[in-house]
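One file, final_19.cif, is given below (mmCIF, C-alpha atoms).
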```cif
data_input
loop_
_atom_site.label_atom_id
_atom_site.label_comp_id
_atom_site.auth_asym_id
_atom_site.auth_seq_id
_atom_site.Cartn_x
_atom_site.Cartn_y
_atom_site.Cartn_z
CA MET A 19 -24.85 -126.31 -0.13
CA SER A 20 -26.70 -123.11 0.88
CA GLU A 21 -23.51 -121.63 2.41
CA SER A 22 -21.55 -122.24 -0.81
CA VAL A 23 -24.26 -120.65 -2.92
CA ALA A 24 -24.48 -117.68 -0.54
CA SER A 25 -20.70 -117.30 -0.63
CA LEU A 26 -20.70 -117.29 -4.42
CA ARG A 27 -23.50 -114.72 -4.47
CA HIS A 28 -21.41 -112.49 -2.20
CA LYS A 29 -18.34 -112.90 -4.42
CA ILE A 30 -20.33 -112.13 -7.57
CA SER A 31 -21.78 -109.00 -5.93
CA SER A 32 -18.29 -107.89 -4.84
CA ALA A 33 -16.93 -108.45 -8.36
CA GLU A 34 -19.73 -106.35 -9.82
CA GLU A 35 -18.96 -103.50 -7.41
CA LEU A 36 -15.24 -103.73 -8.18
CA GLU A 37 -15.98 -103.69 -11.90
CA SER A 38 -17.98 -100.49 -11.44
CA VAL A 39 -15.03 -98.85 -9.64
CA VAL A 40 -12.62 -99.98 -12.36
CA ARG A 41 -14.84 -98.57 -15.11
CA THR A 42 -15.04 -95.25 -13.28
CA MET A 43 -11.26 -95.12 -12.93
CA LYS A 44 -10.89 -95.98 -16.61
CA ALA A 45 -13.13 -93.10 -17.59
CA MET A 46 -11.25 -90.69 -15.31
CA ALA A 47 -7.87 -91.82 -16.66
CA ALA A 48 -9.00 -91.47 -20.27
CA SER A 49 -10.34 -87.99 -19.57
CA SER A 50 -7.11 -86.96 -17.83
CA ILE A 51 -4.97 -88.22 -20.71
CA SER A 52 -6.79 -85.95 -23.14
CA GLN A 53 -6.51 -83.01 -20.74
CA TYR A 54 -2.75 -83.27 -20.34
CA GLU A 55 -2.07 -84.12 -23.98
CA ASN A 56 -4.04 -81.04 -25.03
CA ALA A 57 -1.95 -78.98 -22.61
CA VAL A 58 1.25 -80.27 -24.23
CA ARG A 59 -0.05 -79.43 -27.71
CA SER A 60 -1.12 -75.98 -26.56
CA LEU A 61 2.46 -75.26 -25.51
CA ASP A 62 3.82 -75.76 -29.01
CA ASP A 63 3.04 -72.28 -30.29
CA TYR A 64 4.33 -70.61 -27.15
CA TYR A 65 7.46 -72.74 -27.17
CA ARG A 66 8.02 -71.78 -30.81
CA THR A 67 7.68 -68.09 -29.89
CA VAL A 68 10.26 -68.45 -27.11
CA GLN A 69 12.59 -70.27 -29.52
CA LEU A 70 12.33 -67.45 -32.06
CA GLY A 71 13.03 -64.88 -29.35
CA LEU A 72 16.14 -66.78 -28.25
CA ALA A 73 17.21 -67.20 -31.86
CA ALA A 74 16.97 -63.43 -32.37
CA CYS A 75 19.19 -62.83 -29.33
CA PHE A 76 21.75 -65.43 -30.31
CA ARG A 77 22.00 -64.10 -33.86
CA GLU A 78 23.37 -60.85 -32.53
CA ASN A 79 25.75 -62.62 -30.17
CA ARG A 80 26.35 -66.36 -30.32
CA SER A 81 27.52 -66.39 -26.67
CA PRO A 82 24.69 -67.27 -24.21
CA GLY A 83 25.98 -64.82 -21.62
CA VAL A 84 23.29 -65.54 -19.04
CA ILE A 85 24.52 -69.10 -18.52
CA PRO A 86 27.63 -69.37 -16.32
CA PRO A 87 30.41 -71.52 -17.81
CA LEU A 88 31.17 -74.86 -16.21
CA LYS A 89 34.05 -75.03 -13.79
CA LYS A 90 37.23 -76.59 -15.07
CA HIS A 91 37.16 -79.77 -13.03
CA GLN A 92 35.85 -83.25 -13.52
CA GLN A 93 33.52 -83.60 -10.57
CA ILE A 94 30.70 -81.39 -11.76
CA PRO A 95 27.77 -81.15 -9.30
CA ILE A 96 24.77 -82.65 -11.07
CA ALA A 97 21.09 -82.31 -10.24
CA ALA A 98 18.32 -84.52 -11.57
CA ILE A 99 14.58 -83.88 -11.54
CA VAL A 100 12.69 -87.17 -11.78
CA PHE A 101 8.95 -87.20 -12.45
CA GLY A 102 6.92 -90.15 -11.18
CA SER A 103 3.51 -90.61 -9.59
CA ASP A 104 1.84 -89.79 -6.29
CA GLN A 105 -0.69 -92.62 -6.56
CA GLY A 106 -0.61 -96.31 -7.35
CA LEU A 107 -2.44 -98.50 -9.86
CA VAL A 108 -0.02 -97.42 -12.59
CA GLY A 109 1.69 -100.72 -13.36
CA GLN A 110 5.49 -100.47 -13.72
CA PHE A 111 5.37 -96.70 -14.32
CA ASN A 112 7.66 -95.73 -11.42
CA GLU A 113 9.90 -98.78 -11.61
CA ILE A 114 10.69 -98.15 -15.29
CA MET A 115 11.50 -94.51 -14.60
CA VAL A 116 13.76 -95.32 -11.64
CA GLU A 117 15.69 -97.90 -13.65
CA TYR A 118 16.09 -95.50 -16.57
CA ALA A 119 17.15 -92.52 -14.43
CA VAL A 120 19.60 -94.50 -12.29
CA ASP A 121 21.23 -96.03 -15.36
CA ALA A 122 21.63 -92.59 -16.96
CA LEU A 123 22.98 -90.94 -13.80
CA GLN A 124 25.51 -93.70 -13.20
CA LYS A 125 27.14 -92.80 -16.53
CA LEU A 126 27.69 -89.20 -15.42
CA PRO A 127 30.66 -88.24 -13.24
CA GLY A 128 30.26 -86.02 -10.21
CA LYS A 129 28.10 -85.72 -7.14
CA LYS A 130 24.39 -86.28 -7.77
CA THR A 131 21.49 -84.35 -6.26
CA VAL A 132 18.01 -85.71 -6.96
CA TRP A 133 14.58 -84.16 -6.63
CA ALA A 134 11.61 -86.49 -6.86
CA VAL A 135 8.29 -85.23 -8.19
CA GLY A 136 5.76 -87.67 -6.80
CA ALA A 137 5.57 -89.63 -3.54
CA ARG A 138 5.77 -93.04 -5.21
CA ILE A 139 8.91 -92.24 -7.21
CA HIS A 140 10.43 -90.75 -4.05
CA SER A 141 9.97 -94.03 -2.17
CA ARG A 142 11.32 -96.07 -5.10
CA LEU A 143 14.47 -93.95 -5.28
CA THR A 144 14.91 -94.25 -1.52
CA ASP A 145 14.54 -98.04 -1.68
CA ILE A 146 17.50 -98.36 -4.05
CA GLY A 147 19.69 -96.11 -1.93
CA LEU A 148 19.43 -92.94 -4.02
CA GLN A 149 18.00 -90.70 -1.30
CA PRO A 150 16.29 -87.67 -2.91
CA LEU A 151 17.31 -84.31 -1.50
CA GLY A 152 13.72 -83.13 -1.65
CA GLY A 153 10.37 -83.96 -3.11
CA PHE A 154 7.45 -82.22 -4.77
CA ALA A 155 3.82 -83.28 -4.83
CA LEU A 156 2.33 -83.80 -8.25
CA PRO A 157 -0.45 -81.42 -9.31
CA GLY A 158 -3.96 -82.76 -9.54
CA SER A 159 -4.96 -80.58 -12.47
CA ILE A 160 -3.56 -78.46 -15.28
CA ASN A 161 -3.98 -75.27 -13.26
CA ALA A 162 -1.75 -76.62 -10.50
CA ILE A 163 1.24 -77.34 -12.77
CA ALA A 164 2.43 -73.72 -12.99
CA PRO A 165 2.87 -73.28 -9.19
CA LEU A 166 4.80 -76.57 -9.05
CA ILE A 167 7.17 -75.45 -11.83
CA GLY A 168 7.66 -72.13 -10.04
CA ASP A 169 8.71 -73.97 -6.86
CA ILE A 170 11.14 -76.17 -8.80
CA LEU A 171 12.75 -73.18 -10.53
CA ILE A 172 13.15 -71.33 -7.23
CA GLU A 173 14.87 -74.36 -5.69
CA LEU A 174 17.16 -74.78 -8.71
CA GLU A 175 18.13 -71.12 -8.78
CA ALA A 176 18.95 -71.13 -5.06
CA ARG A 177 21.17 -74.20 -5.44
CA ARG A 178 22.92 -72.77 -8.49
CA GLU A 179 23.64 -69.48 -6.75
CA GLN A 180 25.24 -71.41 -3.88
CA GLY A 181 27.39 -73.33 -6.35
CA LEU A 182 25.89 -76.65 -5.27
CA ILE A 183 24.78 -77.68 -8.77
CA GLU A 184 25.93 -76.83 -12.27
CA GLN A 185 24.26 -79.36 -14.56
CA VAL A 186 20.56 -80.15 -14.38
CA TYR A 187 18.94 -83.16 -16.05
CA LEU A 188 15.26 -83.82 -16.49
CA PHE A 189 13.68 -87.31 -16.47
CA ASN A 190 10.07 -87.99 -17.34
CA HIS A 191 7.82 -90.36 -19.24
CA HIS A 192 6.74 -89.28 -22.72
CA PRO A 193 3.40 -90.52 -24.13
CA VAL A 194 3.85 -92.30 -27.45
CA SER A 195 0.42 -93.48 -28.59
CA GLY A 196 -2.67 -94.71 -26.84
CA ALA A 197 -1.66 -96.33 -23.56
CA VAL A 198 2.04 -96.48 -24.49
CA TYR A 199 4.80 -94.30 -23.02
CA THR A 200 8.57 -94.26 -22.88
CA PRO A 201 11.11 -92.71 -20.46
CA VAL A 202 13.06 -89.74 -21.82
CA SER A 203 15.66 -87.33 -20.48
CA GLN A 204 17.26 -84.05 -21.45
CA GLN A 205 19.86 -81.65 -20.16
CA LEU A 206 18.02 -78.64 -18.80
CA LEU A 207 21.04 -76.57 -17.72
CA PRO A 208 23.45 -75.35 -18.85
CA LEU A 209 21.97 -74.82 -22.30
CA ASP A 210 23.59 -77.29 -24.67
CA GLN A 211 25.99 -75.53 -27.08
CA SER A 212 24.93 -77.60 -30.09
CA TRP A 213 21.29 -76.78 -29.31
CA LEU A 214 22.15 -73.09 -29.04
CA LEU A 215 23.95 -73.20 -32.40
CA HIS A 216 20.99 -74.91 -34.00
CA LEU A 217 18.66 -72.38 -32.42
CA SER A 218 20.61 -69.43 -33.79
CA GLU A 219 20.26 -70.87 -37.29
CA ILE A 220 16.46 -71.20 -37.23
CA PRO A 221 15.12 -69.30 -40.27
CA TRP A 222 13.02 -66.28 -39.37
CA PRO A 223 9.40 -66.75 -40.52
CA THR A 224 9.19 -63.33 -42.27
CA GLN A 225 11.38 -61.10 -44.41
CA ASN A 226 11.65 -58.54 -41.61
CA LEU A 227 14.63 -59.61 -39.51
CA PRO A 228 14.28 -59.09 -35.75
CA GLU A 229 16.22 -56.66 -33.62
CA VAL A 230 16.57 -56.76 -29.85
CA ILE A 231 15.55 -53.39 -28.40
CA GLY A 232 16.94 -52.36 -25.04
CA ARG A 233 19.36 -54.35 -22.93
CA ARG A 234 20.04 -57.66 -24.60
CA GLU A 235 21.09 -59.36 -21.35
CA GLN A 236 17.77 -58.64 -19.67
CA THR A 237 15.81 -59.81 -22.70
CA LEU A 238 17.87 -62.97 -23.00
CA SER A 239 17.52 -63.73 -19.28
CA ALA A 240 13.75 -63.37 -19.49
CA LEU A 241 13.57 -65.65 -22.54
CA VAL A 242 15.76 -68.28 -20.89
CA ARG A 243 13.48 -68.25 -17.84
CA GLU A 244 10.50 -68.75 -20.10
CA TYR A 245 12.30 -71.57 -21.90
CA LEU A 246 13.03 -73.32 -18.60
CA PHE A 247 9.45 -72.82 -17.46
CA VAL A 248 7.86 -74.18 -20.63
CA THR A 249 10.29 -77.12 -20.76
CA LEU A 250 9.49 -78.16 -17.19
CA PHE A 251 5.78 -77.57 -17.75
CA ARG A 252 5.85 -79.81 -20.83
CA ALA A 253 7.76 -82.54 -18.97
CA CYS A 254 5.25 -82.47 -16.11
CA ALA A 255 2.23 -82.58 -18.43
CA GLU A 256 3.78 -85.42 -20.46
CA SER A 257 4.49 -87.36 -17.29
CA LEU A 258 0.93 -86.92 -16.04
CA ALA A 259 -0.46 -87.99 -19.42
CA SER A 260 1.79 -91.06 -19.34
CA GLU A 261 0.80 -91.83 -15.75
CA ASN A 262 -2.87 -91.83 -16.67
CA ALA A 263 -2.11 -93.91 -19.77
CA SER A 264 -0.41 -96.45 -17.52
CA ARG A 265 -3.37 -96.37 -15.14
CA LEU A 266 -5.78 -96.82 -18.05
CA ALA A 267 -3.82 -99.87 -19.24
CA ALA A 268 -3.80 -101.27 -15.69
CA MET A 269 -7.56 -100.76 -15.37
CA GLN A 270 -8.13 -102.44 -18.73
CA ARG A 271 -6.18 -105.46 -17.52
CA ALA A 272 -8.10 -105.42 -14.25
CA GLU A 273 -11.42 -105.22 -16.09
CA LYS A 274 -10.45 -108.22 -18.22
CA ASN A 275 -9.48 -110.20 -15.13
CA ILE A 276 -12.72 -109.25 -13.38
CA ASP A 277 -14.75 -110.34 -16.42
CA GLU A 278 -12.98 -113.70 -16.40
CA LEU A 279 -13.55 -114.02 -12.64
CA GLN A 280 -17.23 -113.18 -13.03
CA ASN A 281 -17.62 -115.83 -15.73
CA ASP A 282 -15.99 -118.43 -13.49
CA LEU A 283 -18.10 -117.42 -10.50
CA ASN A 284 -21.32 -117.44 -12.53
CA ARG A 285 -20.54 -120.88 -13.93
CA SER A 286 -19.80 -122.19 -10.43
CA TYR A 287 -22.95 -120.55 -9.08
CA HIS A 288 -25.22 -122.00 -11.77
CA ARG A 289 -23.57 -125.42 -11.40
CA LEU A 290 -24.18 -125.41 -7.65
CA ARG A 291 -27.73 -124.18 -8.14
CA GLN A 292 -28.38 -126.94 -10.66
CA ASN A 293 -26.88 -129.53 -8.36
CA GLY A 294 -29.10 -128.24 -5.58
CA ILE A 295 -32.18 -128.45 -7.79
CA ASP A 296 -31.23 -131.98 -8.88
CA GLU A 297 -30.83 -133.06 -5.25
CA GLU A 298 -34.19 -131.55 -4.32
CA LEU A 299 -35.89 -133.33 -7.23
CA PHE A 300 -34.18 -136.55 -6.26
CA ASP A 301 -35.48 -136.15 -2.70
CA VAL A 302 -39.01 -135.52 -4.03
CA PHE A 303 -38.94 -138.63 -6.21
CA SER A 304 -37.42 -140.70 -3.40
CA GLY A 305 -40.14 -139.55 -1.03
CA PHE A 306 -42.80 -140.27 -3.61
CA GLU A 307 -41.46 -143.80 -4.15
CA ALA A 308 -41.35 -144.38 -0.41
CA LEU A 309 -44.96 -143.30 -0.02
CA LYS A 310 -45.97 -145.58 -2.90
CA ASN A 311 -44.28 -148.55 -1.24
CA GLU A 312 -45.93 -147.82 2.09
CA ALA A 313 -49.34 -147.53 0.46
CA GLY A 314 -48.78 -150.78 -1.43
CA LEU A 315 -49.35 -149.10 -4.74
#
```

What is this structure when it is put down as structure tokens?
Amino acid sequence: MSESVASLRHKISSAEELESVVRTMKAMAASSISQYENAVRSLDDYYRTVQLGLAACFRENRSPGVIPPLKKHQQIPIAAIVFGSDQGLVGQFNEIMVEYAVDALQKLPGKKTVWAVGARIHSRLTDIGLQPLGGFALPGSINAIAPLIGDILIELEARREQGLIEQVYLFNHHPVSGAVYTPVSQQLLPLDQSWLLHLSEIPWPTQNLPEVIGRREQTLSALVREYLFVTLFRACAESLASENASRLAAMQRAEKNIDELQNDLNRSYHRLRQNGIDEELFDVFSGFEALKNEAGL
């Protein structure tokens, strides 16, 4: 009896400690979600400025001269950048992304090159036979996103100059609301012609129409680099917000399970304690009756 009660006490204590850890992780995940979502919102104005700059360049010349045309063959080298997670406790976050990315890539002809952003997504892609060419570690804060994007752009530019890739696709999770997210993708390079046409038709916000001063090619190249940077930055921040949303949901489920476990353990503990008390009382009464019989009372 005493061993069972002691065991239950130990389990209850362990559940309480685990619940404390889960609550801490919940708070950290909720805080991180806000941080990354605010970063995404803060990019909107800058992204709009880059769009207007590109629109001004394309109005003068509809041809995006800084983007090399695709080669006239079917097997176009394709690169994919897939954002996942470095850490666990995120539910089906990586599995959903792998399934979505693989399904999308299978529909595209040509040789595929994959970069994984996150150790967990890297291992998931490897497990299904889609060996990533390289991997990048996810940043642990907003300030660390910019260096990561710089490394990705350097790698992409080197591969494009060597003629190893022509099309680049981006896969990441997009936060929807609360602890909900959905996988999304977009073509990063070459710039989509329909998007360029739409961009060139964006109405200018003032009556003073813009004019590109200096060499248009240099200005356009700089704006395209900024567009690529802000697009990758947004995708990374959205993925991190979604990751923490998934972790928050997982911790909420864990907290609910721990609460149910604690209730079961407490009921078992109190039942055993009551049984122990009943047995002790029974022993007292039995002893009392025995003493009465011996004394002839």

Any chance you could resolve the PyMOL selection byres ((chain A and resi 205) around 7) against this file and give the residues as a PDB file with C-alpha atoms, in the frame of the given file?
```pdb
ATOM      1  CA  VAL A 186      20.560 -80.150 -14.380  1.00  0.00           C
ATOM      2  CA  TYR A 187      18.940 -83.160 -16.050  1.00  0.00           C
ATOM      3  CA  LEU A 188      15.260 -83.820 -16.490  1.00  0.00           C
ATOM      4  CA  GLN A 204      17.260 -84.050 -21.450  1.00  0.00           C
ATOM      5  CA  LEU A 206      18.020 -78.640 -18.800  1.00  0.00           C
ATOM      6  CA  LEU A 207      21.040 -76.570 -17.720  1.00  0.00           C
TER       7      LEU A 207
END
```

List as an NGL selection string the protein and nucleic acid residues near range 284-300 of chain A, meaning an atom at most 7 Å away when all atoms listed in the file are counted, but skip any in the same chain fewer than 3 places from it. :A and (23 or 26 or 280-281 or 303-304)

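Here CA of Ile94 in chain A is placed at a distance of 25.6 Å from CA of Leu241 in chain A.
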
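Ranking A:Lys29, A:Arg252, A:Gly136, A:Asn190 by their shortest atom-to-atom distance to Glu117 in chain A, with all atoms listed in the file included, puts A:Asn190 first.
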
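Going from CA of Leu72 in chain A to CA of Leu182 in chain A covers 26.8 Å.
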
Evaluating the PyMOL selection byres ((chain A and resi 215) around 10) on the displayed file yields which residues, as a ChimeraX atom specification? /A:73,76-77,80-81,210-214,216-220

Quick one: write out the picked residues with C-alpha atoms as a PDB file, in the coordinates of the input?
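Final output, out38.pdb:
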```
ATOM      1  CA  ALA A  73      17.210 -67.200 -31.860  1.00  0.00           C
ATOM      2  CA  PHE A  76      21.750 -65.430 -30.310  1.00  0.00           C
ATOM      3  CA  ARG A  77      22.000 -64.100 -33.860  1.00  0.00           C
ATOM      4  CA  ARG A  80      26.350 -66.360 -30.320  1.00  0.00           C
ATOM      5  CA  SER A  81      27.520 -66.390 -26.670  1.00  0.00           C
ATOM      6  CA  ASP A 210      23.590 -77.290 -24.670  1.00  0.00           C
ATOM      7  CA  GLN A 211      25.990 -75.530 -27.080  1.00  0.00           C
ATOM      8  CA  SER A 212      24.930 -77.600 -30.090  1.00  0.00           C
ATOM      9  CA  TRP A 213      21.290 -76.780 -29.310  1.00  0.00           C
ATOM     10  CA  LEU A 214      22.150 -73.090 -29.040  1.00  0.00           C
ATOM     11  CA  HIS A 216      20.990 -74.910 -34.000  1.00  0.00           C
ATOM     12  CA  LEU A 217      18.660 -72.380 -32.420  1.00  0.00           C
ATOM     13  CA  SER A 218      20.610 -69.430 -33.790  1.00  0.00           C
ATOM     14  CA  GLU A 219      20.260 -70.870 -37.290  1.00  0.00           C
ATOM     15  CA  ILE A 220      16.460 -71.200 -37.230  1.00  0.00           C
TER      16      ILE A 220
END
```

Provide the CA of Gln53 in chain A to CA of Val132 in chain A distance in Å, to one decimal place. 28.3 Å

Name every residue that the PyMOL selection byres ((chain A and resi 272) around 12) selects in this structure, writing the answer as a ChimeraX atom specification with chains first and numbers rising. /A:33,36-41,43-44,107-109,265-271,273-279

Which polymer residues have any atom within 12 Å of an atom of Leu126 in chain A, counting all atoms listed in the file, with same-chain residues fewer than 2 positions away left out, as a list in words? Gln92, Gln93, Ile94, Pro95, Ile96, Ala97, Ala98, Ala119, Val120, Asp121, Ala122, Leu123, Gln124, Gly128, Lys129, Lys130, Gln185, Val186, Tyr187 and Gln205 of chain A

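If all atoms listed in the file are the atoms counted, then among A:Cys75, A:Ala155, A:Met46, A:Ser25 the closest residue to Leu227 in chain A is A:Cys75.
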
Nearest residue to Ser50 in chain A from the set A:Ser159, A:Thr67, A:Gln225, A:Ser22 (distances using all atoms listed in the file): A:Ser159

Give me the residues near range 253-256 of chain A as number ranges by chain, where near means some atom within 9 Å (using all atoms listed in the file) and where sequence neighbours in that chain fewer than 3 positions away do not count. A: 54-55, 57-58, 101, 135, 156-157, 160, 163, 167, 188-193, 248-250, 259-261

Can you work out which one of A:Thr237, A:Ser103, A:Gln149, A:Ser49 has the shortest atom-to-atom distance to Ser257 in chain A, counting all atoms listed in the file? A:Ser103
